[in-house]
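Below is the file target-v4.cif, which contains mmCIF, C-alpha atoms.
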```cif
data_query
loop_
_atom_site.group_PDB
_atom_site.id
_atom_site.type_symbol
_atom_site.label_atom_id
_atom_site.label_comp_id
_atom_site.auth_asym_id
_atom_site.auth_seq_id
_atom_site.Cartn_x
_atom_site.Cartn_y
_atom_site.Cartn_z
ATOM 1 C CA MET A 1148 194.407 -163.992 -185.194
ATOM 2 C CA LYS A 1149 194.079 -166.976 -187.520
ATOM 3 C CA ARG A 1150 190.971 -168.072 -189.346
ATOM 4 C CA LEU A 1151 189.564 -171.355 -187.999
ATOM 5 C CA PHE A 1152 188.515 -173.651 -190.797
ATOM 6 C CA ILE A 1153 187.417 -177.280 -190.349
ATOM 7 C CA GLU A 1154 186.111 -179.414 -193.198
ATOM 8 C CA GLN A 1155 182.632 -180.906 -192.703
ATOM 9 C CA THR A 1156 182.376 -184.708 -192.212
ATOM 10 C CA VAL A 1157 179.398 -187.064 -191.877
ATOM 11 C CA SER A 1158 179.155 -186.503 -188.128
ATOM 12 C CA THR A 1159 181.057 -183.272 -187.527
ATOM 13 C CA LEU A 1160 180.280 -179.690 -188.505
ATOM 14 C CA GLY A 1161 181.941 -177.628 -191.164
ATOM 15 C CA VAL A 1162 183.472 -174.646 -189.377
ATOM 16 C CA ASP A 1163 184.580 -171.305 -190.801
ATOM 17 C CA PHE A 1164 185.406 -168.678 -188.186
ATOM 18 C CA ASP A 1165 186.864 -165.601 -189.883
ATOM 19 C CA PRO A 1166 188.313 -162.887 -187.641
ATOM 20 C CA GLN A 1167 188.601 -160.403 -190.577
ATOM 21 C CA THR A 1168 184.856 -160.332 -191.250
ATOM 22 C CA ALA A 1169 183.893 -161.246 -187.649
ATOM 23 C CA THR A 1170 181.676 -163.951 -189.105
ATOM 24 C CA MET A 1171 181.462 -167.483 -187.765
ATOM 25 C CA ILE A 1172 179.772 -170.166 -189.842
ATOM 26 C CA LEU A 1173 178.654 -173.641 -188.727
ATOM 27 C CA ARG A 1174 177.153 -176.100 -191.211
ATOM 28 C CA GLY A 1175 176.112 -179.751 -191.315
ATOM 29 C CA GLU A 1176 175.450 -182.311 -188.645
ATOM 30 C CA SER A 1177 176.979 -182.907 -185.243
ATOM 31 C CA TYR A 1178 177.055 -186.301 -183.565
ATOM 32 C CA PRO A 1179 180.741 -187.035 -183.036
ATOM 33 C CA GLU A 1180 182.009 -189.726 -180.702
ATOM 34 C CA ASN A 1181 183.355 -187.003 -178.447
ATOM 35 C CA ALA A 1182 181.580 -183.668 -178.777
ATOM 36 C CA PHE A 1183 183.684 -181.974 -176.091
ATOM 37 C CA LYS A 1184 186.853 -182.797 -178.001
ATOM 38 C CA PHE A 1185 185.432 -181.499 -181.279
ATOM 39 C CA PHE A 1186 184.123 -178.239 -179.815
ATOM 40 C CA ALA A 1187 187.167 -177.475 -177.611
ATOM 41 C CA PRO A 1188 189.155 -175.621 -180.337
ATOM 42 C CA LEU A 1189 186.014 -173.691 -181.362
ATOM 43 C CA LEU A 1190 185.400 -172.507 -177.814
ATOM 44 C CA GLU A 1191 189.060 -171.622 -177.394
ATOM 45 C CA TRP A 1192 189.063 -169.612 -180.637
ATOM 46 C CA LEU A 1193 185.886 -167.766 -179.616
ATOM 47 C CA ASN A 1194 187.257 -167.016 -176.193
ATOM 48 C CA VAL A 1195 190.378 -165.354 -177.617
ATOM 49 C CA PHE A 1196 188.488 -163.597 -180.412
ATOM 50 C CA LEU A 1197 185.665 -162.208 -178.278
ATOM 51 C CA SER A 1198 187.908 -161.045 -175.448
ATOM 52 C CA GLY A 1199 189.863 -158.850 -177.874
ATOM 53 C CA LEU A 1200 186.807 -156.996 -179.191
ATOM 54 C CA GLU A 1201 185.816 -153.457 -178.369
ATOM 55 C CA SER A 1202 182.317 -152.410 -177.447
ATOM 56 C CA GLY A 1203 180.051 -151.824 -180.449
ATOM 57 C CA VAL A 1204 181.856 -154.231 -182.799
ATOM 58 C CA LYS A 1205 179.494 -156.424 -184.835
ATOM 59 C CA VAL A 1206 179.955 -160.193 -184.834
ATOM 60 C CA THR A 1207 177.781 -162.764 -186.577
ATOM 61 C CA LEU A 1208 177.297 -166.459 -186.005
ATOM 62 C CA ASP A 1209 175.554 -168.093 -188.937
ATOM 63 C CA ILE A 1210 174.298 -171.617 -188.221
ATOM 64 C CA ASP A 1211 172.584 -174.245 -190.320
ATOM 65 C CA ILE A 1212 172.660 -177.562 -188.468
ATOM 66 C CA VAL A 1213 170.379 -180.313 -189.750
ATOM 67 C CA TYR A 1214 170.862 -182.533 -186.711
ATOM 68 C CA PHE A 1215 172.928 -182.580 -183.520
ATOM 69 C CA ASN A 1216 173.089 -185.085 -180.675
ATOM 70 C CA SER A 1217 172.610 -184.347 -176.984
ATOM 71 C CA SER A 1218 176.271 -183.830 -176.097
ATOM 72 C CA SER A 1219 176.670 -181.417 -179.037
ATOM 73 C CA SER A 1220 173.661 -179.543 -177.673
ATOM 74 C CA LYS A 1221 175.565 -178.833 -174.493
ATOM 75 C CA ALA A 1222 178.633 -177.695 -176.438
ATOM 76 C CA LEU A 1223 176.495 -175.393 -178.619
ATOM 77 C CA MET A 1224 174.957 -173.910 -175.482
ATOM 78 C CA ASN A 1225 178.497 -172.975 -174.407
ATOM 79 C CA VAL A 1226 179.114 -171.290 -177.769
ATOM 80 C CA PHE A 1227 175.917 -169.227 -177.437
ATOM 81 C CA ASP A 1228 176.676 -168.362 -173.811
ATOM 82 C CA MET A 1229 180.028 -166.905 -174.864
ATOM 83 C CA LEU A 1230 178.343 -164.700 -177.467
ATOM 84 C CA ASP A 1231 175.670 -163.731 -174.979
ATOM 85 C CA ALA A 1232 178.323 -162.694 -172.459
ATOM 86 C CA ALA A 1233 180.114 -160.675 -175.164
ATOM 87 C CA ALA A 1234 176.803 -159.001 -176.039
ATOM 88 C CA LYS A 1235 176.286 -158.130 -172.398
ATOM 89 C CA GLY A 1236 179.716 -156.495 -172.490
ATOM 90 C CA GLY A 1237 178.703 -154.261 -175.422
ATOM 91 C CA VAL A 1238 179.615 -156.307 -178.502
ATOM 92 C CA GLU A 1239 176.836 -156.423 -181.116
ATOM 93 C CA ALA A 1240 176.428 -160.182 -181.378
ATOM 94 C CA SER A 1241 173.910 -161.707 -183.791
ATOM 95 C CA ILE A 1242 173.103 -165.379 -184.198
ATOM 96 C CA PHE A 1243 171.213 -166.582 -187.260
ATOM 97 C CA TRP A 1244 169.660 -170.015 -186.775
ATOM 98 C CA ARG A 1245 168.830 -171.387 -190.229
ATOM 99 C CA TYR A 1246 166.551 -174.382 -190.622
ATOM 100 C CA HIS A 1247 164.543 -176.076 -193.335
ATOM 101 C CA VAL A 1248 160.810 -175.394 -192.967
ATOM 102 C CA GLU A 1249 160.099 -179.114 -192.790
ATOM 103 C CA ASN A 1250 162.721 -179.750 -190.109
ATOM 104 C CA GLU A 1251 160.508 -179.358 -187.071
ATOM 105 C CA ILE A 1252 163.158 -180.532 -184.619
ATOM 106 C CA ALA A 1253 165.710 -178.001 -185.894
ATOM 107 C CA ARG A 1254 163.128 -175.231 -185.371
ATOM 108 C CA GLU A 1255 162.305 -176.398 -181.835
ATOM 109 C CA CYS A 1256 165.988 -176.691 -180.961
ATOM 110 C CA GLY A 1257 166.605 -173.158 -182.205
ATOM 111 C CA GLU A 1258 163.761 -171.846 -180.064
ATOM 112 C CA GLU A 1259 165.120 -173.679 -177.034
ATOM 113 C CA PHE A 1260 168.462 -171.917 -177.460
ATOM 114 C CA GLN A 1261 166.794 -168.582 -178.166
ATOM 115 C CA GLU A 1262 164.915 -168.747 -174.846
ATOM 116 C CA GLU A 1263 168.171 -169.201 -172.959
ATOM 117 C CA LEU A 1264 169.816 -165.993 -174.174
ATOM 118 C CA GLY A 1265 169.321 -162.543 -172.756
ATOM 119 C CA HIS A 1266 171.632 -160.200 -174.676
ATOM 120 C CA ALA A 1267 172.709 -161.513 -178.072
ATOM 121 C CA ARG A 1268 170.275 -161.200 -180.972
ATOM 122 C CA PHE A 1269 169.029 -164.668 -181.939
ATOM 123 C CA GLU A 1270 167.093 -164.808 -185.176
ATOM 124 C CA MET A 1271 165.222 -167.815 -186.559
ATOM 125 C CA VAL A 1272 165.682 -168.035 -190.338
ATOM 126 C CA PRO A 1273 163.504 -170.642 -192.081
ATOM 127 C CA TYR A 1274 164.262 -171.639 -195.684
ATOM 128 C CA GLU A 1275 162.683 -173.855 -198.313
ATOM 129 C CA ASP A 1276 164.220 -176.056 -200.986
ATOM 130 C CA ALA A 1277 165.935 -174.001 -203.663
ATOM 131 C CA SER A 1278 163.694 -174.147 -206.727
ATOM 132 C CA MET B 842 173.991 -221.654 -188.166
ATOM 133 C CA LEU B 843 174.401 -222.115 -191.936
ATOM 134 C CA ASN B 844 171.259 -224.207 -192.183
ATOM 135 C CA HIS B 845 169.204 -221.794 -190.109
ATOM 136 C CA LEU B 846 170.325 -218.511 -191.594
ATOM 137 C CA TYR B 847 167.440 -218.273 -194.042
ATOM 138 C CA SER B 848 164.793 -218.944 -191.395
ATOM 139 C CA PHE B 849 166.525 -216.410 -189.132
ATOM 140 C CA TYR B 850 166.444 -213.902 -192.005
ATOM 141 C CA GLU B 851 162.750 -214.557 -192.667
ATOM 142 C CA GLU B 852 161.949 -214.336 -188.972
ATOM 143 C CA LEU B 853 163.557 -210.907 -188.733
ATOM 144 C CA LYS B 854 161.646 -209.764 -191.798
ATOM 145 C CA GLU B 855 158.342 -211.006 -190.384
ATOM 146 C CA ASP B 856 159.036 -209.034 -187.211
ATOM 147 C CA GLY B 857 159.497 -205.909 -189.314
ATOM 148 C CA VAL B 858 163.226 -205.702 -188.603
ATOM 149 C CA MET B 859 165.034 -203.408 -191.042
ATOM 150 C CA PHE B 860 168.453 -203.615 -189.417
ATOM 151 C CA CYS B 861 170.043 -205.918 -186.931
ATOM 152 C CA PHE B 862 173.600 -205.441 -185.788
ATOM 153 C CA SER B 863 175.244 -207.368 -182.983
ATOM 154 C CA GLY B 864 178.855 -207.094 -181.896
ATOM 155 C CA PRO B 865 181.570 -204.484 -181.403
ATOM 156 C CA THR B 866 180.069 -201.053 -182.050
ATOM 157 C CA SER B 867 181.924 -197.936 -183.102
ATOM 158 C CA GLN B 868 181.345 -194.447 -184.438
ATOM 159 C CA SER B 869 181.872 -195.713 -188.009
ATOM 160 C CA VAL B 870 179.209 -198.415 -187.524
ATOM 161 C CA LEU B 871 176.887 -195.699 -186.228
ATOM 162 C CA GLU B 872 177.568 -193.432 -189.210
ATOM 163 C CA GLY B 873 177.259 -196.227 -191.767
ATOM 164 C CA ILE B 874 174.013 -197.704 -190.475
ATOM 165 C CA GLY B 875 172.677 -194.209 -189.797
ATOM 166 C CA LEU B 876 173.100 -193.071 -193.410
ATOM 167 C CA THR B 877 171.478 -196.230 -194.778
ATOM 168 C CA LEU B 878 168.673 -196.006 -192.243
ATOM 169 C CA ARG B 879 167.842 -192.482 -193.380
ATOM 170 C CA ARG B 880 167.805 -193.512 -197.050
ATOM 171 C CA LYS B 881 165.622 -196.516 -196.269
ATOM 172 C CA MET B 882 163.116 -194.377 -194.355
ATOM 173 C CA GLU B 883 163.082 -191.790 -197.145
ATOM 174 C CA PHE B 884 162.293 -194.534 -199.675
ATOM 175 C CA GLU B 885 159.425 -195.583 -197.431
ATOM 176 C CA GLU B 886 158.289 -191.968 -197.546
ATOM 177 C CA ALA B 887 158.474 -191.336 -193.847
ATOM 178 C CA GLY B 888 158.081 -187.586 -193.237
ATOM 179 C CA THR B 889 161.102 -185.395 -192.448
ATOM 180 C CA SER B 890 160.254 -185.141 -188.782
ATOM 181 C CA THR B 891 159.755 -188.928 -188.383
ATOM 182 C CA VAL B 892 163.123 -189.555 -190.022
ATOM 183 C CA GLN B 893 164.748 -186.968 -187.744
ATOM 184 C CA ARG B 894 163.132 -188.364 -184.600
ATOM 185 C CA ILE B 895 164.113 -191.959 -185.351
ATOM 186 C CA PHE B 896 167.622 -190.917 -186.357
ATOM 187 C CA SER B 897 168.008 -188.992 -183.114
ATOM 188 C CA ILE B 898 166.830 -191.959 -181.004
ATOM 189 C CA PHE B 899 169.136 -194.249 -182.989
ATOM 190 C CA VAL B 900 172.216 -192.041 -182.427
ATOM 191 C CA GLU B 901 171.622 -191.678 -178.677
ATOM 192 C CA GLN B 902 170.964 -195.404 -178.247
ATOM 193 C CA VAL B 903 174.071 -196.492 -180.196
ATOM 194 C CA GLN B 904 176.255 -193.907 -178.434
ATOM 195 C CA ASN B 905 175.000 -195.336 -175.141
ATOM 196 C CA ILE B 906 176.474 -198.688 -176.186
ATOM 197 C CA ILE B 907 179.727 -197.034 -177.317
ATOM 198 C CA ASN B 908 180.029 -195.130 -174.037
ATOM 199 C CA TYR B 909 178.664 -197.488 -171.412
ATOM 200 C CA SER B 910 178.712 -201.154 -172.437
ATOM 201 C CA ILE B 911 180.971 -203.116 -170.099
ATOM 202 C CA GLU B 912 181.502 -205.860 -172.666
ATOM 203 C CA ARG B 913 184.522 -204.808 -174.674
ATOM 204 C CA THR B 914 187.491 -205.696 -176.873
ATOM 205 C CA PRO B 915 190.169 -205.869 -175.550
ATOM 206 C CA SER B 916 188.368 -207.039 -172.457
ATOM 207 C CA GLU B 917 190.612 -205.977 -169.594
ATOM 208 C CA THR B 918 191.775 -202.498 -170.483
ATOM 209 C CA ASP B 919 190.104 -199.149 -170.477
ATOM 210 C CA CYS B 920 192.476 -197.798 -173.108
ATOM 211 C CA GLY B 921 190.100 -195.245 -174.589
ATOM 212 C CA ASN B 922 189.887 -196.782 -178.052
ATOM 213 C CA GLU B 923 188.458 -200.146 -177.040
ATOM 214 C CA LEU B 924 185.369 -201.475 -178.820
ATOM 215 C CA ARG B 925 182.159 -201.797 -176.841
ATOM 216 C CA HIS B 926 179.691 -204.539 -177.649
ATOM 217 C CA GLY B 927 175.955 -204.410 -177.972
ATOM 218 C CA ILE B 928 172.979 -205.131 -180.198
ATOM 219 C CA VAL B 929 171.053 -202.607 -182.284
ATOM 220 C CA ILE B 930 167.763 -203.309 -184.026
ATOM 221 C CA VAL B 931 165.706 -200.883 -186.084
ATOM 222 C CA GLY B 932 162.317 -202.006 -187.279
ATOM 223 C CA ARG B 933 158.787 -201.081 -188.104
ATOM 224 C CA CYS B 934 155.701 -202.313 -186.288
ATOM 225 C CA ASN B 935 152.099 -201.215 -186.960
ATOM 226 C CA GLY B 936 153.388 -198.469 -189.201
ATOM 227 C CA LYS B 937 155.712 -197.019 -186.536
ATOM 228 C CA PHE B 938 159.499 -197.194 -186.514
ATOM 229 C CA TYR B 939 161.279 -198.374 -183.400
ATOM 230 C CA VAL B 940 164.855 -198.651 -182.156
ATOM 231 C CA LEU B 941 165.755 -201.481 -179.821
ATOM 232 C CA CYS B 942 169.203 -201.579 -178.217
ATOM 233 C CA GLY B 943 170.829 -203.725 -175.574
ATOM 234 C CA ASN B 944 174.182 -204.117 -173.895
ATOM 235 C CA LYS B 945 175.780 -205.382 -170.706
ATOM 236 C CA VAL B 946 176.087 -202.991 -167.777
ATOM 237 C CA SER B 947 176.911 -203.408 -164.096
ATOM 238 C CA LEU B 948 174.060 -203.983 -161.681
ATOM 239 C CA SER B 949 174.670 -200.568 -160.091
ATOM 240 C CA GLN B 950 174.599 -198.800 -163.494
ATOM 241 C CA SER B 951 171.383 -200.651 -164.242
ATOM 242 C CA ASN B 952 169.779 -199.517 -160.991
ATOM 243 C CA GLU B 953 170.751 -195.907 -161.699
ATOM 244 C CA LEU B 954 169.287 -196.160 -165.199
ATOM 245 C CA LEU B 955 166.043 -197.661 -163.903
ATOM 246 C CA GLU B 956 165.677 -194.802 -161.419
ATOM 247 C CA ARG B 957 166.344 -192.274 -164.169
ATOM 248 C CA ILE B 958 163.879 -193.910 -166.573
ATOM 249 C CA LYS B 959 161.238 -194.160 -163.861
ATOM 250 C CA PHE B 960 161.592 -190.440 -163.179
ATOM 251 C CA LEU B 961 161.549 -189.462 -166.877
ATOM 252 C CA SER B 962 158.402 -191.552 -167.405
ATOM 253 C CA THR B 963 156.513 -189.283 -165.004
ATOM 254 C CA LEU B 964 157.208 -186.156 -167.094
ATOM 255 C CA ASN B 965 155.015 -184.882 -169.911
ATOM 256 C CA LYS B 966 156.463 -183.336 -173.098
ATOM 257 C CA ASP B 967 156.620 -179.802 -171.680
ATOM 258 C CA GLU B 968 158.238 -181.005 -168.452
ATOM 259 C CA LEU B 969 160.775 -183.027 -170.465
ATOM 260 C CA ARG B 970 161.578 -179.878 -172.436
ATOM 261 C CA GLU B 971 162.194 -177.821 -169.271
ATOM 262 C CA HIS B 972 164.174 -180.631 -167.658
ATOM 263 C CA TYR B 973 166.322 -180.863 -170.784
ATOM 264 C CA LYS B 974 167.118 -177.138 -170.721
ATOM 265 C CA ASP B 975 167.914 -177.374 -167.033
ATOM 266 C CA MET B 976 170.161 -180.455 -167.386
ATOM 267 C CA ARG B 977 171.995 -178.913 -170.337
ATOM 268 C CA ARG B 978 173.297 -176.182 -168.052
ATOM 269 C CA ARG B 979 174.502 -178.607 -165.374
ATOM 270 C CA ASP B 980 177.847 -180.398 -165.199
ATOM 271 C CA PRO B 981 177.523 -183.988 -166.342
ATOM 272 C CA GLY B 982 177.617 -186.636 -163.606
ATOM 273 C CA GLU B 983 180.981 -188.242 -162.857
ATOM 274 C CA ASN B 984 179.974 -191.505 -164.543
ATOM 275 C CA SER B 985 178.729 -189.761 -167.640
ATOM 276 C CA LYS B 986 180.820 -189.657 -170.809
ATOM 277 C CA GLY B 987 178.340 -187.670 -172.807
ATOM 278 C CA ALA B 988 176.354 -184.784 -171.444
ATOM 279 C CA GLY B 989 174.079 -187.039 -169.358
ATOM 280 C CA LEU B 990 171.315 -185.987 -171.712
ATOM 281 C CA GLY B 991 171.074 -189.126 -173.846
ATOM 282 C CA PHE B 992 168.079 -190.803 -172.221
ATOM 283 C CA LEU B 993 166.315 -187.493 -171.885
ATOM 284 C CA GLU B 994 166.741 -186.932 -175.615
ATOM 285 C CA ILE B 995 165.344 -190.426 -176.344
ATOM 286 C CA PHE B 996 162.312 -189.683 -174.160
ATOM 287 C CA ARG B 997 161.736 -186.379 -175.904
ATOM 288 C CA ARG B 998 161.856 -187.826 -179.401
ATOM 289 C CA ALA B 999 159.843 -190.987 -178.722
ATOM 290 C CA SER B 1000 156.104 -190.914 -179.462
ATOM 291 C CA GLU B 1001 155.361 -193.032 -176.377
ATOM 292 C CA PRO B 1002 157.421 -193.575 -173.183
ATOM 293 C CA PRO B 1003 160.367 -195.909 -173.939
ATOM 294 C CA GLU B 1004 160.323 -199.330 -172.296
ATOM 295 C CA CYS B 1005 163.244 -201.158 -170.749
ATOM 296 C CA HIS B 1006 164.059 -204.685 -169.692
ATOM 297 C CA VAL B 1007 166.769 -206.067 -167.424
ATOM 298 C CA ALA B 1008 168.075 -209.635 -167.765
ATOM 299 C CA GLN B 1009 170.266 -210.792 -164.911
ATOM 300 C CA ILE B 1010 173.537 -212.393 -166.112
ATOM 301 C CA ASP B 1011 175.349 -212.872 -162.792
ATOM 302 C CA ALA B 1012 175.533 -211.181 -159.377
ATOM 303 C CA GLU B 1013 177.159 -208.023 -160.805
ATOM 304 C CA THR B 1014 176.165 -207.956 -164.451
ATOM 305 C CA VAL B 1015 172.912 -207.455 -166.322
ATOM 306 C CA PHE B 1016 171.838 -207.099 -169.939
ATOM 307 C CA PHE B 1017 169.977 -203.816 -170.272
ATOM 308 C CA SER B 1018 167.536 -203.349 -173.191
ATOM 309 C CA VAL B 1019 165.682 -200.221 -174.233
ATOM 310 C CA LYS B 1020 162.949 -199.942 -176.849
ATOM 311 C CA ALA B 1021 161.868 -196.565 -178.146
ATOM 312 C CA VAL B 1022 159.141 -195.969 -180.719
ATOM 313 C CA GLY B 1023 159.409 -192.928 -182.968
#
```
Written form, structure tokens:
Amino acid sequence: MKRLFIEQTVSTLGVDFDPQTATMILRGESYPENAFKFFAPLLEWLNVFLSGLESGVKVTLDIDIVYFNSSSSKALMNVFDMLDAAAKGGVEASIFWRYHVENEIARECGEEFQEELGHARFEMVPYEDAS
Amino acid sequence: MLNHLYSFYEELKEDGVMFCFSGPTSQSVLEGIGLTLRRKMEFEEAGTSTVQRIFSIFVEQVQNIINYSIERTPSETDCGNELRHGIVIVGRCNGKFYVLCGNKVSLSQSNELLERIKFLSTLNKDELREHYKDMRRRDPGENSKGAGLGFLEIFRRASEPPECHVAQIDAETVFFSVKAVG
């Protein structure tokens, strides 16, 4: 399976999904003109990747999104739902939601995703400016 | 216009207008104004969460124009890459930032929006939060190009319930304006 790498732009996320390390990274901001179009290849990649995993395998989704618009929110929910379903099936799925301590909205949004999941581990990871 | 431009400029400034854009709107207009808007608010030392709230309202409002305005170039086709027209104003009044947007929609779209806004106005912050989580899991309506969550997001980020105004243009068309304060 190929690594999925997409360069970050002003309004779209930087993506690095690596099947070798089972680590998926999302960085930046998400308010594209068409969120469904942007997220479609991500969801497709995840679908193939997760369906080929055996029970007990560890996968990590590492997210640091400063801002996302409402249609991206729906697409992200789909991403988390896929991991949650995989976790229900025995995969050890962990999601790390990184946010700047001063970014109140990013914290709230993380909590609102966290509440929706029943199986995957969803950890809130606050950070401060690097000194 | 030439002779009045300065007075127009001063008038906007007196009204606290930071940005005023009118015409064909696109994702690149959104990104360009958005970046400058953030820098401007940071210079004015607005807190991180104020900047984020205003930016969020701004994005949803402008994407509403891009997705739903019925005034477009070229005018007759729905080719997918047509430009949609509208007006976007960002300003500051009594120390609070606001985003004011308007565009043409059909009378039926306008009536649907009014119903939606009326309903959202009855919800408090916690109810808006629950409604948002609920809507996010539903399929978007057939007329929706986004996730159908745009107005809900604006309501959640605004510090007071957004206001709207409808100006009748002809029997089928209206100009729909929304003002949200951050």
Do you know which residues are at most 8 Å from A:Asp1209 counting only C-alpha atoms, after dropping those on the same chain fewer than 6 positions away, and could you put them as a PDB file with C-alpha atoms, in the frame of the given file?
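Below is the file that was written, out-v5.pdb:
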```
ATOM      1  CA  THR A1170     181.676-163.951-189.105  1.00  0.00           C
ATOM      2  CA  MET A1171     181.462-167.483-187.765  1.00  0.00           C
ATOM      3  CA  ILE A1172     179.772-170.166-189.842  1.00  0.00           C
ATOM      4  CA  LEU A1173     178.654-173.641-188.727  1.00  0.00           C
ATOM      5  CA  ILE A1242     173.103-165.379-184.198  1.00  0.00           C
ATOM      6  CA  PHE A1243     171.213-166.582-187.260  1.00  0.00           C
ATOM      7  CA  TRP A1244     169.660-170.015-186.775  1.00  0.00           C
ATOM      8  CA  ARG A1245     168.830-171.387-190.229  1.00  0.00           C
TER       9      ARG A1245
END
```
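In terms of minimum interatomic distance to B:Phe992, B:Leu954 ranks closest within B:Met882, B:Leu876, B:Ala1008, B:Leu954, counting all atoms listed in the file.
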Contact set, chain B to chain A: 10 Å, all atoms listed in the file, as a PyMOL selection string: chain B and resi 867-869+871-873+876+888-894+896-898+900-901+904+907-908+970-971+973-974+976-981+986-995+998
Target residues per the PyMOL selection byres ((chain A and resi 1168) around 12), formatted as a PyMOL selection string: chain A and resi 1148-1150+1163-1167+1169-1172+1196+1204-1208
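Taking atom CA of A:Val1195 and atom CA of A:Gln1261 as endpoints, the distance between them is 23.8 Å.
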Near-B:Val1019 list (6 Å; only C-alpha atoms; drop same-chain fewer than 3 positions) as an MDAnalysis selection string: chainID B and resid 941:942 1004:1005
Considering only C-alpha atoms, return as an mmCIF file with C-alpha atoms, in the frame of the given file whatever protein or nucleic-acid residues lie within 8 Å of stretch 919-934 of chain B, sequence-local ones (same chain, fewer than 4 positions apart) excluded.
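Saved the output as out_2.cif:
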```
data_model
loop_
_atom_site.group_PDB
_atom_site.id
_atom_site.type_symbol
_atom_site.label_atom_id
_atom_site.label_comp_id
_atom_site.auth_asym_id
_atom_site.auth_seq_id
_atom_site.Cartn_x
_atom_site.Cartn_y
_atom_site.Cartn_z
ATOM 1 C CA ASP B 856 159.036 -209.034 -187.211
ATOM 2 C CA GLY B 857 159.497 -205.909 -189.314
ATOM 3 C CA VAL B 858 163.226 -205.702 -188.603
ATOM 4 C CA MET B 859 165.034 -203.408 -191.042
ATOM 5 C CA PHE B 860 168.453 -203.615 -189.417
ATOM 6 C CA CYS B 861 170.043 -205.918 -186.931
ATOM 7 C CA PHE B 862 173.600 -205.441 -185.788
ATOM 8 C CA SER B 863 175.244 -207.368 -182.983
ATOM 9 C CA GLY B 864 178.855 -207.094 -181.896
ATOM 10 C CA PRO B 865 181.570 -204.484 -181.403
ATOM 11 C CA THR B 866 180.069 -201.053 -182.050
ATOM 12 C CA SER B 867 181.924 -197.936 -183.102
ATOM 13 C CA VAL B 903 174.071 -196.492 -180.196
ATOM 14 C CA ILE B 906 176.474 -198.688 -176.186
ATOM 15 C CA ILE B 907 179.727 -197.034 -177.317
ATOM 16 C CA ASN B 908 180.029 -195.130 -174.037
ATOM 17 C CA TYR B 909 178.664 -197.488 -171.412
ATOM 18 C CA SER B 910 178.712 -201.154 -172.437
ATOM 19 C CA ILE B 911 180.971 -203.116 -170.099
ATOM 20 C CA GLU B 912 181.502 -205.860 -172.666
ATOM 21 C CA ARG B 913 184.522 -204.808 -174.674
ATOM 22 C CA THR B 914 187.491 -205.696 -176.873
ATOM 23 C CA PRO B 915 190.169 -205.869 -175.550
ATOM 24 C CA PHE B 938 159.499 -197.194 -186.514
ATOM 25 C CA TYR B 939 161.279 -198.374 -183.400
ATOM 26 C CA VAL B 940 164.855 -198.651 -182.156
ATOM 27 C CA LEU B 941 165.755 -201.481 -179.821
ATOM 28 C CA CYS B 942 169.203 -201.579 -178.217
ATOM 29 C CA GLY B 943 170.829 -203.725 -175.574
ATOM 30 C CA ASN B 944 174.182 -204.117 -173.895
ATOM 31 C CA LYS B 945 175.780 -205.382 -170.706
#
```
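Selection result for the displayed file, with the PyMOL selection byres ((chain A and resi 1152) around 6) as criterion, is Leu1151, Ile1153, Val1162 and Asp1163 of chain A.
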Keeping C-alpha atoms for every residue in the selection just given, could you write it to a file as an mmCIF file, keeping the file's coordinate frame?
```cif
data_model
loop_
_atom_site.group_PDB
_atom_site.id
_atom_site.type_symbol
_atom_site.label_atom_id
_atom_site.label_comp_id
_atom_site.auth_asym_id
_atom_site.auth_seq_id
_atom_site.Cartn_x
_atom_site.Cartn_y
_atom_site.Cartn_z
ATOM 1 C CA LEU A 1151 189.564 -171.355 -187.999
ATOM 2 C CA ILE A 1153 187.417 -177.280 -190.349
ATOM 3 C CA VAL A 1162 183.472 -174.646 -189.377
ATOM 4 C CA ASP A 1163 184.580 -171.305 -190.801
#
```
The PyMOL selection byres ((chain A and resi 1228) around 10) resolved against shown file, as a PDB file with C-alpha atoms, keeping the file's coordinate frame:
```pdb
ATOM      1  CA  ALA A1222     178.633-177.695-176.438  1.00  0.00           C
ATOM      2  CA  LEU A1223     176.495-175.393-178.619  1.00  0.00           C
ATOM      3  CA  MET A1224     174.957-173.910-175.482  1.00  0.00           C
ATOM      4  CA  ASN A1225     178.497-172.975-174.407  1.00  0.00           C
ATOM      5  CA  VAL A1226     179.114-171.290-177.769  1.00  0.00           C
ATOM      6  CA  PHE A1227     175.917-169.227-177.437  1.00  0.00           C
ATOM      7  CA  MET A1229     180.028-166.905-174.864  1.00  0.00           C
ATOM      8  CA  LEU A1230     178.343-164.700-177.467  1.00  0.00           C
ATOM      9  CA  ASP A1231     175.670-163.731-174.979  1.00  0.00           C
ATOM     10  CA  ALA A1232     178.323-162.694-172.459  1.00  0.00           C
ATOM     11  CA  ALA A1233     180.114-160.675-175.164  1.00  0.00           C
ATOM     12  CA  ALA A1234     176.803-159.001-176.039  1.00  0.00           C
ATOM     13  CA  PHE A1260     168.462-171.917-177.460  1.00  0.00           C
ATOM     14  CA  GLU A1263     168.171-169.201-172.959  1.00  0.00           C
ATOM     15  CA  LEU A1264     169.816-165.993-174.174  1.00  0.00           C
ATOM     16  CA  GLY A1265     169.321-162.543-172.756  1.00  0.00           C
ATOM     17  CA  HIS A1266     171.632-160.200-174.676  1.00  0.00           C
ATOM     18  CA  ALA A1267     172.709-161.513-178.072  1.00  0.00           C
TER      19      ALA A1267
END
```
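Minimum distance to B:Ser949 across B:Leu843, B:Val870, B:Ala887, B:Val1015 (counting only C-alpha atoms) occurs at B:Val1015.
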d(atom CA of A:Asp1211, atom CA of A:Arg1174) in Å: 5.0 Å
Edge lengths and centre, in Å to one decimal, as JSON: that's what I need for the box along x, y and z that holds all listed atoms of stretch 969-983 of chain B plus 5 Å on each side.
```
{"center_x": 170.9, "center_y": -182.2, "center_z": -167.6, "size_x": 30.2, "size_y": 22.1, "size_z": 19.6}
```
